[in-house]
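This is start_32.txt. It holds compact mmCIF, C-alpha atoms.
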# COMPACT_ATOMS: atom_id res chain seq x y z
CA MET A 23 5.09 -6.80 12.48
CA SER A 24 2.99 -9.04 14.69
CA VAL A 25 -0.51 -10.20 15.63
CA THR A 26 -1.43 -10.55 19.30
CA CYS A 27 -4.81 -11.85 20.41
CA ALA A 28 -7.05 -11.86 23.45
CA GLU A 29 -10.26 -13.86 23.75
CA GLU A 30 -13.23 -12.97 25.90
CA GLY A 31 -16.15 -15.36 25.58
CA ARG A 32 -16.86 -15.60 21.85
CA ALA A 33 -15.17 -12.28 21.11
CA LEU A 34 -11.65 -12.12 19.75
CA CYS A 35 -9.47 -9.04 19.81
CA ALA A 36 -6.55 -9.18 17.40
CA ARG A 37 -4.00 -6.39 17.46
CA ILE A 38 -1.74 -5.87 14.47
CA GLU A 39 1.55 -4.05 14.89
CA GLY A 40 4.09 -2.75 12.41
CA GLU A 41 4.02 -2.06 8.69
CA VAL A 42 1.28 -3.78 6.68
CA ASP A 43 2.68 -4.01 3.15
CA HIS A 44 3.01 -6.83 0.60
CA HIS A 45 6.25 -7.94 2.30
CA ALA A 46 4.49 -8.46 5.64
CA ALA A 47 0.99 -9.37 4.47
CA ARG A 48 1.37 -13.10 3.90
CA THR A 49 2.71 -13.76 7.40
CA LEU A 50 0.11 -11.47 8.98
CA MET A 51 -2.74 -13.08 7.00
CA ALA A 52 -1.65 -16.61 7.95
CA GLU A 53 -1.38 -15.71 11.64
CA LEU A 54 -4.69 -13.84 11.69
CA ALA A 55 -6.48 -16.69 9.87
CA ARG A 56 -4.98 -19.21 12.30
CA GLN A 57 -6.19 -17.21 15.33
CA VAL A 58 -9.69 -16.72 13.89
CA ASP A 59 -10.03 -20.39 12.97
CA ALA A 60 -8.83 -21.45 16.43
CA ALA A 61 -11.20 -19.12 18.32
CA LEU A 62 -14.19 -19.26 15.91
CA PRO A 63 -15.40 -15.96 17.40
CA ARG A 64 -18.87 -14.42 17.03
CA LYS A 65 -17.25 -11.04 17.02
CA LEU A 66 -13.80 -9.94 15.89
CA GLU A 67 -12.25 -6.67 16.90
CA LEU A 68 -9.27 -5.94 14.67
CA ASP A 69 -7.16 -3.36 16.51
CA LEU A 70 -4.96 -1.41 14.07
CA GLY A 71 -3.59 0.94 16.74
CA GLY A 72 -0.05 -0.41 16.29
CA VAL A 73 0.01 -0.15 12.49
CA THR A 74 2.75 2.30 11.45
CA PHE A 75 2.10 2.01 7.69
CA MET A 76 -0.50 0.36 5.45
CA ASP A 77 -0.84 0.06 1.68
CA SER A 78 -3.38 -1.80 -0.48
CA SER A 79 -2.03 -5.12 0.84
CA GLY A 80 -3.82 -4.14 4.06
CA ILE A 81 -7.11 -3.74 2.17
CA ALA A 82 -6.85 -7.37 0.99
CA LEU A 83 -5.93 -8.50 4.50
CA VAL A 84 -8.91 -6.76 6.10
CA LEU A 85 -11.40 -7.85 3.41
CA ARG A 86 -10.27 -11.50 3.54
CA THR A 87 -10.66 -11.50 7.30
CA TRP A 88 -14.11 -9.88 6.97
CA ARG A 89 -15.20 -12.55 4.45
CA ARG A 90 -13.99 -15.30 6.79
CA MET A 91 -15.97 -13.76 9.67
CA LYS A 92 -19.06 -13.65 7.43
CA GLU A 93 -18.59 -17.36 6.63
CA LEU A 94 -18.47 -17.99 10.37
CA GLY A 95 -21.67 -15.97 10.83
CA GLY A 96 -19.86 -13.38 12.93
CA GLY A 97 -19.26 -9.65 12.84
CA MET A 98 -16.17 -7.53 12.72
CA THR A 99 -15.10 -4.02 13.70
CA LEU A 100 -11.88 -2.08 13.16
CA THR A 101 -10.56 -0.12 16.12
CA ASN A 102 -7.88 2.52 16.68
CA VAL A 103 -7.40 2.97 12.93
CA PRO A 104 -4.48 5.39 12.36
CA ALA A 105 -5.09 8.27 9.91
CA GLN A 106 -2.80 6.89 7.18
CA ALA A 107 -4.37 3.40 7.26
CA ALA A 108 -7.88 4.96 7.39
CA LYS A 109 -7.20 6.92 4.19
CA VAL A 110 -6.06 3.74 2.39
CA LEU A 111 -9.02 1.67 3.64
CA ARG A 112 -11.50 4.44 2.74
CA ALA A 113 -10.07 4.63 -0.80
CA ALA A 114 -11.41 1.09 -1.27
CA GLY A 115 -14.71 1.79 0.55
CA VAL A 116 -13.81 -0.60 3.38
CA ASP A 117 -15.43 1.79 5.89
CA ARG A 118 -18.79 1.17 4.18
CA LEU A 119 -18.50 -2.58 4.90
CA ILE A 120 -16.79 -2.65 8.26
CA PRO A 121 -17.46 -0.08 10.98
CA PHE A 122 -14.51 1.92 12.34
CA ALA A 123 -14.86 2.20 16.12
CA GLU A 124 -12.80 4.02 18.76
CA MET B 274 11.66 22.27 -16.84
CA ARG B 275 15.00 21.18 -15.37
CA PRO B 276 14.98 19.44 -12.01
CA ILE B 277 16.80 21.23 -9.20
CA ASN B 278 17.66 17.91 -7.58
CA GLU B 279 17.61 14.28 -8.66
CA ALA B 280 18.36 10.86 -7.17
CA LYS B 281 18.24 7.45 -8.76
CA ILE B 282 18.15 4.12 -6.95
CA THR B 283 18.20 0.66 -8.53
CA PHE B 284 17.33 -2.38 -6.45
CA LEU B 285 16.32 -6.03 -6.79
CA SER B 286 12.63 -6.91 -6.89
CA ARG B 287 12.69 -8.38 -3.37
CA SER B 288 9.72 -7.56 -1.17
CA ALA B 289 12.06 -6.36 1.61
CA ASN B 290 12.85 -3.40 -0.70
CA GLU B 291 9.24 -2.09 -0.55
CA GLY B 292 9.97 -0.50 2.81
CA PHE B 293 13.39 0.69 1.63
CA ALA B 294 11.95 2.40 -1.46
CA ARG B 295 9.16 4.28 0.33
CA THR B 296 11.51 5.40 3.11
CA ALA B 297 14.09 6.60 0.54
CA ALA B 298 11.38 8.56 -1.31
CA ALA B 299 10.17 10.10 1.96
CA CYS B 300 13.73 11.15 2.87
CA PHE B 301 14.22 12.79 -0.56
CA ALA B 302 10.83 14.54 -0.28
CA ALA B 303 11.85 15.96 3.12
CA GLN B 304 13.68 18.77 1.25
CA LEU B 305 10.26 20.19 0.36
CA ASP B 306 9.24 20.40 4.01
CA PRO B 307 6.07 18.34 3.48
CA THR B 308 3.43 17.76 6.15
CA LEU B 309 3.14 14.31 7.72
CA ASP B 310 0.01 13.68 5.61
CA GLU B 311 1.90 14.57 2.42
CA VAL B 312 4.80 12.28 3.37
CA ASN B 313 2.35 9.46 4.07
CA ASP B 314 0.64 9.93 0.69
CA ILE B 315 4.01 9.76 -1.07
CA LYS B 316 5.08 6.66 0.87
CA THR B 317 1.78 4.93 0.10
CA ALA B 318 1.98 5.69 -3.64
CA VAL B 319 5.61 4.50 -3.85
CA SER B 320 4.72 1.32 -1.97
CA GLU B 321 2.00 0.56 -4.55
CA ALA B 322 4.25 1.25 -7.54
CA VAL B 323 7.14 -0.86 -6.22
CA THR B 324 4.85 -3.69 -5.08
CA ASN B 325 3.41 -3.87 -8.62
CA CYS B 326 6.95 -4.44 -9.96
CA ILE B 327 7.64 -7.16 -7.41
CA VAL B 328 4.29 -8.97 -7.73
CA HIS B 329 3.40 -8.47 -11.39
CA ALA B 330 6.49 -7.43 -13.43
CA TYR B 331 8.68 -10.25 -12.15
CA PRO B 332 6.23 -12.94 -11.00
CA ASP B 333 8.72 -15.85 -11.04
CA THR B 334 12.10 -14.15 -11.29
CA LEU B 335 14.14 -11.46 -9.62
CA GLY B 336 14.65 -8.37 -11.72
CA THR B 337 15.73 -4.81 -11.20
CA VAL B 338 13.53 -1.88 -10.28
CA THR B 339 14.71 1.70 -10.77
CA MET B 340 13.22 4.59 -8.84
CA ARG B 341 14.13 8.11 -9.99
CA LEU B 342 13.20 11.01 -7.74
CA ARG B 343 13.19 14.58 -9.04
CA LEU B 344 12.50 17.91 -7.47
CA PHE B 345 11.36 20.92 -9.47
CA GLY B 346 11.47 24.63 -8.67
CA ASP B 347 7.70 24.87 -8.29
CA ASN B 348 7.88 22.48 -5.30
CA THR B 349 6.81 19.47 -7.37
CA LEU B 350 8.14 16.02 -6.59
CA GLU B 351 8.29 13.58 -9.49
CA ILE B 352 8.67 9.85 -8.85
CA LEU B 353 9.45 7.46 -11.69
CA VAL B 354 9.35 3.71 -11.04
CA LYS B 355 10.55 1.50 -13.88
CA ASP B 356 10.91 -2.22 -14.39
CA SER B 357 11.97 -4.44 -17.29
CA GLY B 358 9.43 -7.14 -16.54
CA VAL B 359 6.49 -8.75 -18.33
CA GLY B 360 4.62 -5.50 -19.03
CA ILE B 361 0.88 -4.83 -19.16
CA ALA B 362 -1.21 -5.61 -22.27
CA ASP B 363 -4.14 -3.37 -21.31
CA VAL B 364 -3.11 -0.45 -19.09
CA ASP B 365 -6.66 0.98 -18.85
CA GLN B 366 -7.96 -2.34 -17.54
CA ALA B 367 -5.07 -2.58 -15.04
CA ARG B 368 -5.94 0.91 -13.76
CA THR B 369 -9.59 -0.03 -13.12
CA PRO B 370 -10.40 -0.06 -9.38
CA LEU B 371 -10.53 -3.60 -7.91
CA TYR B 372 -9.12 -5.17 -11.09
CA THR B 373 -6.30 -7.57 -10.27
CA THR B 374 -4.56 -10.61 -11.70
CA GLY B 375 -3.02 -11.24 -8.29
CA GLY B 376 -5.79 -13.34 -6.72
CA GLY B 377 -7.12 -13.02 -3.17
CA ASP B 378 -3.86 -11.70 -1.75
CA ARG B 379 -4.19 -8.48 -3.75
CA SER B 380 -6.91 -5.83 -3.61
CA GLY B 381 -6.68 -4.41 -7.13
CA MET B 382 -6.44 -0.92 -5.63
CA GLY B 383 -2.78 -0.13 -6.36
CA PHE B 384 -3.20 2.21 -9.35
CA THR B 385 -6.34 3.76 -7.81
CA ILE B 386 -4.36 4.69 -4.70
CA MET B 387 -1.44 6.08 -6.76
CA GLU B 388 -3.97 8.18 -8.72
CA SER B 389 -5.85 9.50 -5.73
CA PHE B 390 -2.83 10.10 -3.45
CA MET B 391 -0.74 11.90 -6.11
CA ASP B 392 -1.65 14.80 -8.44
CA THR B 393 -0.86 13.00 -11.70
CA LEU B 394 -0.09 9.43 -12.76
CA LYS B 395 1.22 8.23 -16.12
CA VAL B 396 1.68 4.56 -16.96
CA ARG B 397 3.64 3.39 -20.02
CA SER B 398 3.81 -0.32 -20.71
CA ALA B 399 3.84 -2.99 -23.39
CA PRO B 400 3.98 -6.79 -23.09
CA GLY B 401 7.60 -7.91 -22.74
CA LYS B 402 8.84 -4.31 -22.57
CA GLY B 403 8.43 -3.54 -18.91
CA THR B 404 6.42 -0.80 -17.24
CA THR B 405 7.21 2.80 -16.31
CA VAL B 406 5.09 4.72 -13.84
CA VAL B 407 5.56 8.48 -13.42
CA MET B 408 3.70 10.30 -10.68
CA ARG B 409 3.88 13.87 -9.51
CA ARG B 410 2.83 15.65 -6.39
CA ARG B 411 3.13 19.37 -5.71
CA ILE B 412 3.94 20.07 -2.08
CA ALA B 413 2.27 23.17 -0.66
CA ARG B 414 4.67 25.87 0.51
CA ARG B 415 4.08 26.47 4.17
CA LEU B 416 3.87 29.84 5.86
CA GLY B 417 7.18 30.90 7.28
CA ALA B 418 9.11 28.34 5.22
Write-out of the structure in structure tokens:
Amino acid sequence: MSVTCAEEGRALCARIEGEVDHHAARTLMAELARQVDAALPRKLELDLGGVTFMDSSGIALVLRTWRRMKELGGGMTLTNVPAQAAKVLRAAGVDRLIPFAE
Amino acid sequence: MRPINEAKITFLSRSANEGFARTAAACFAAQLDPTLDEVNDIKTAVSEAVTNCIVHAYPDTLGTVTMRLRLFGDNTLEILVKDSGVGIADVDQARTPLYTTGGGDRSGMGFTIMESFMDTLKVRSAPGKGTTVVMRRRIARRLGA
């Protein structure tokens, strides 16, 4: 499990890899929050292409990050969402708050 | 109905065992020749059930979690997850979408996901008596299988 980031202007792309469960979530959340607070981006692209498994811990991770971006006055998209993670996120209506992009 | 196969695993309520439990359930379910989507649904539901034990049943201690997997002749998989932890006073409230006592780290979607990803979900609990979750999922027989 890891978070890798690339910044371009005021846009931040954060890519999460591995299994996003309760066991991994705290470390992932801390790293993601650290990267967002360091970059203070206008736009965050959260790339889930490397996520091999996600449960409801991932819902909390995504929603907390979305709330932080709203506090910063920025926007957020989810990209490369695998089918299993998409089903979990949709169960909580996350797709109605945060657009899924290619 | 008697199960045609059964496995029982007991493990400590350490978060590292979330991955172990869902992988073990997926391996057991493989006998039913499930699709990848069906395996993923089972793994997700098991992850939610076991995480509940680790986060809520034993908030400040380590306890034991038992997972019993059963296979029935009609291609149904039954998964029982049992703890001896603090228990739930109001099961209906706990099953409400977005309800959580876990704070901002938790989404309150665990039971909702178990319900929607499996065919049936039963929850038995009482304060101080632990919690038992039983969920079932019938795996479609595939052509040629």
Can you write out as a tab-separated table which residues of chain A fall within 6 Å of chain B, alongside each residue's closest atom pair and its distance in Å to one decimal, counting all atoms listed in the file and ordering rows by chain and ascending residue number?
residue	atom	partner	partner_atom	distance
A:His45	CA	B:Ser288	CA	4.9
A:Asp77	CA	B:Thr317	CA	5.8
A:Ala82	CA	B:Ser380	CA	4.9
| Taking into account all atoms listed in the file, which residue in the set A:Glu41, A:Arg86, A:Pro63, A:Ala113 is nearest to B:Thr296? | A:Glu41
| message | My list of candidates is A:Ile38, A:Ala123, A:Ala105, A:Leu62. Which is closest to A:Val84 when distances are computed with all atoms listed in the file? | response | A:Ile38
| message | What does the structure give for the distance between atom CA of B:Gly336 and atom CA of A:Arg48, in Å to one decimal? | response |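 According to the coordinates, atom CA of B:Gly336 and atom CA of A:Arg48 are separated by 21.0 Å.
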| A:His44, A:Arg118, A:Lys109, A:Arg90 ranked by distance to A:Arg56, top pick (using all atoms listed in the file) |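 Result for the nearest residue to A:Arg56: A:Arg90.
With distances restricted to only C-alpha atoms, A:Gly97 is the closest residue to A:Ile120 from A:Gly72, A:Gly97, A:Gly40, A:Pro104.
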| Nearest residue to A:Leu94 from the set A:Val110, A:Met76, A:Val58, A:Leu70 (distances using only C-alpha atoms) |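 Of A:Val110, A:Met76, A:Val58, A:Leu70, the one nearest A:Leu94 is A:Val58, counting only C-alpha atoms.
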| task | Tell me which protein, DNA and RNA residues are within 10 Å of B:Ile277, counting all atoms listed in the file, leaving out same-chain ones fewer than 3 positions away, and put them as a list of chain:residue names. | result | B:Met274, B:Arg343, B:Leu344, B:Phe345, B:Gly346, B:Asp347, B:Asn348
| In Å to one decimal, how far is atom CA of B:Phe293 from atom CA of A:Val25? |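 Separation between atom CA of A:Val25 and atom CA of B:Phe293: 22.5 Å.
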| task | Just the residues within 10 Å of A:Gly31, please, counting all atoms listed in the file, with nothing from its chain fewer than 3 positions along; format it as a ChimeraX atom specification. | result | /A:28,34,61,63-65
| said: Here is a test: counting all atoms listed in the file, which residue of B:Arg409, B:Ser286, B:Ala294, B:Leu350 is nearest to B:Pro307? | reply: B:Leu350
